Structures are given as C-alpha cells and as structure tokens.
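Shown next: my_file_26.csv, containing CSV, C-alpha atoms.
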```
chain,number,residue,atom,x,y,z
A,481,MET,CA,-3.6,21.1,-18.3
A,482,ASP,CA,-6.3,18.7,-19.3
A,483,SER,CA,-9.5,20.2,-20.8
A,484,LYS,CA,-11.8,17.7,-19.1
A,485,PRO,CA,-14.1,19.3,-16.4
A,486,ARG,CA,-13.7,18.5,-12.7
A,487,GLY,CA,-15.2,15.1,-11.9
A,488,ALA,CA,-14.6,13.8,-15.4
A,489,VAL,CA,-13.8,10.1,-15.9
A,490,TYR,CA,-10.2,9.1,-16.8
A,491,ASP,CA,-8.5,5.7,-17.2
A,492,GLY,CA,-6.0,4.3,-14.7
A,493,ASN,CA,-3.0,5.9,-16.4
A,494,LEU,CA,-3.9,9.0,-14.4
A,495,LEU,CA,-2.7,7.2,-11.2
A,496,ALA,CA,0.9,6.6,-12.5
A,497,GLY,CA,2.4,9.7,-10.8
A,498,PRO,CA,0.5,9.5,-7.5
A,499,LEU,CA,1.2,5.8,-7.1
A,500,ALA,CA,4.9,6.2,-8.0
A,501,GLU,CA,5.1,8.8,-5.3
A,502,LEU,CA,3.5,6.6,-2.7
A,503,PHE,CA,5.5,3.5,-3.4
A,504,THR,CA,8.8,5.3,-2.9
A,505,SER,CA,8.0,6.4,0.6
A,506,GLU,CA,9.2,4.5,3.7
A,507,VAL,CA,6.5,1.8,3.9
A,508,THR,CA,7.5,0.2,7.3
A,509,SER,CA,6.5,3.3,9.1
A,510,ALA,CA,3.1,3.4,7.3
A,511,ARG,CA,0.1,2.8,9.5
A,512,ALA,CA,-2.2,-0.1,8.6
A,513,GLN,CA,-5.7,-0.4,10.0
A,514,CYS,CA,-7.0,-4.0,10.3
A,515,ARG,CA,-10.3,-4.6,8.6
A,516,GLY,CA,-11.2,-7.2,11.2
A,517,CYS,CA,-10.6,-5.6,14.6
A,518,GLY,CA,-9.8,-2.0,13.7
A,519,LEU,CA,-6.4,-1.9,15.3
A,520,ILE,CA,-4.0,0.6,13.8
A,521,SER,CA,-0.3,-0.4,13.8
A,522,THR,CA,2.7,0.4,11.7
A,523,VAL,CA,3.8,-2.1,9.0
A,524,ALA,CA,6.9,-2.8,11.1
A,525,GLU,CA,4.7,-4.0,14.0
A,526,LEU,CA,2.8,-6.6,11.8
A,527,VAL,CA,3.5,-10.3,12.4
A,528,VAL,CA,5.1,-11.6,9.2
A,529,TYR,CA,5.5,-15.2,8.0
A,530,GLY,CA,7.5,-16.2,4.9
A,531,PRO,CA,9.4,-15.9,2.7
A,532,GLU,CA,8.2,-18.9,0.7
A,533,PRO,CA,6.0,-18.9,-1.3
A,534,GLY,CA,5.5,-15.3,-0.3
A,535,PHE,CA,5.1,-13.1,2.7
A,536,VAL,CA,2.0,-13.0,4.8
A,537,ALA,CA,1.5,-10.1,7.3
A,538,ARG,CA,-1.0,-10.5,10.2
A,539,CYS,CA,-2.5,-8.1,12.6
A,540,PRO,CA,-0.7,-8.1,16.0
A,541,GLY,CA,-4.1,-7.8,17.7
A,542,CYS,CA,-6.4,-10.4,16.1
A,543,SER,CA,-4.1,-12.3,13.7
A,544,ASP,CA,-6.2,-11.6,10.6
A,545,VAL,CA,-4.2,-11.5,7.4
A,546,LEU,CA,-3.6,-7.9,6.4
A,547,MET,CA,-1.1,-8.2,3.6
A,548,ARG,CA,0.3,-10.7,1.2
A,549,VAL,CA,3.4,-10.0,-0.9
A,550,VAL,CA,4.6,-12.5,-3.5
A,551,ARG,CA,7.4,-11.9,-5.9
A,552,ALA,CA,8.3,-14.0,-9.0
A,553,ALA,CA,10.9,-13.4,-11.7
A,554,THR,CA,8.7,-11.0,-13.8
A,555,ASP,CA,5.7,-10.2,-11.6
A,556,ALA,CA,4.8,-9.2,-8.1
A,557,TRP,CA,1.5,-9.5,-6.2
A,558,LEU,CA,0.4,-7.2,-3.4
A,559,ASP,CA,-2.8,-8.0,-1.6
A,560,LEU,CA,-4.0,-5.4,0.9
A,561,SER,CA,-7.5,-6.7,1.2
A,562,GLY,CA,-7.2,-7.3,5.0
A,563,MET,CA,-6.7,-3.6,5.6
A,564,SER,CA,-9.3,-0.9,5.6
A,565,VAL,CA,-6.6,1.7,5.0
A,566,LEU,CA,-2.8,2.0,4.6
A,567,ARG,CA,-1.7,5.5,5.6
A,568,LEU,CA,1.8,6.5,4.3
A,569,ASN,CA,3.9,9.5,5.4
A,570,VAL,CA,4.8,11.3,2.1
A,571,SER,CA,6.2,14.4,3.6
A,572,ASP,CA,9.7,13.6,2.2
A,573,ALA,CA,8.3,12.3,-1.2
A,574,VAL,CA,8.8,14.4,-4.3
A,575,PRO,CA,5.3,15.3,-5.8
A,576,ALA,CA,4.6,13.6,-9.1
A,577,GLY,CA,5.8,15.7,-12.0
A,578,GLN,CA,8.5,17.4,-10.0
A,579,GLN,CA,11.1,14.7,-10.2
```
Can the structure from this file be put into structure tokens for me?
Amino acid sequence: MDSKPRGAVYDGNLLAGPLAELFTSEVTSARAQCRGCGLISTVAELVVYGPEPGFVARCPGCSDVLMRVVRAATDAWLDLSGMSVLRLNVSDAVPAGQQ
C-alpha cells in the first residue's frame, strides 16, 4: 500500500488500472448525457457518421456532436467533450489488480 496520505497528489499513472477496467466494458450500452440538451441515451442510440476520416457521434435529440473517434496506424483519438458524463456498466468487469 502507498504511504501517501488520503488526498495526496499522484501522477496520471495511478489511472492505469481504473481506465483499463472501464475501457474493457461494453461501451454501446453506456449512457451518454449530452452537454447541450441534457438528453441521456445509450451509445448505441447515438447518430453516427463516418468512417472517414473518423467517426462522429451526435445526440439523437439536438444533433450536437457528443463523440469523435479517429484511428490511425499507431494512434487513436477519443474526444468526449460533447458529453457531460459517460456512464459505463462495470458490473461484469474485473476490478483492477485482480486480473
């Protein structure tokens, strides 16, 4: 266990386990809340355009851009700036450190 007190400041490496757990869950059933109109819908319900030069997912309510996904040979870009929150179901996910 780390000897730093609760509320201590760490670097981003501390997020490796929690993010790995989140990004292995079923994302299409995740619920996205639109930053523009507040509508909550599953990722599967978003209106998606693409695939070139990448995917753009829009809110089914107000058509604001919620997500952009671009993949190149060695890099990927994920922009979720149009969402106020992306809620993932992780009940089936294996907690970080128990893999």
message: So the first atom is CA of Glu525 in chain A and the second is CA of Arg567 in chain A; what is the distance between them in Å, to one decimal place?
response: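 For CA of Glu525 in chain A relative to CA of Arg567 in chain A, the distance reads 14.2 Å.
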For Gln513 in chain A, the closest of A:Pro533, A:Gly492, A:Pro485, A:Pro540 counting only C-alpha atoms is A:Pro540
Quick one: of A:Cys542, A:Val570, A:Val565, A:Val489, who's nearest to Thr522 in chain A, counting all atoms listed in the file?
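The shortest atom-to-atom distance to Thr522 in chain A comes from A:Val565.
Closest approach to Phe535 in chain A among A:Ser571, A:Cys514, A:Leu558, A:Val523: A:Leu558, based on only C-alpha atoms.
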| field | Selected residue, from A:Glu532, A:Arg538, A:Asp544, A:Ala496, that lies nearest to Cys517 in chain A when counting all atoms listed in the file | value |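 Nearest to Cys517 in chain A: A:Asp544.
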**Asked** With distances taken over all atoms listed in the file, which of A:Val527, A:Leu495, A:Cys539, A:Ala512 is nearest to Ser564 in chain A?
**Response**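 For Ser564 in chain A, the nearest of the candidates is A:Ala512.
CA of Asp559 in chain A is found 15.9 Å from CA of Thr508 in chain A.
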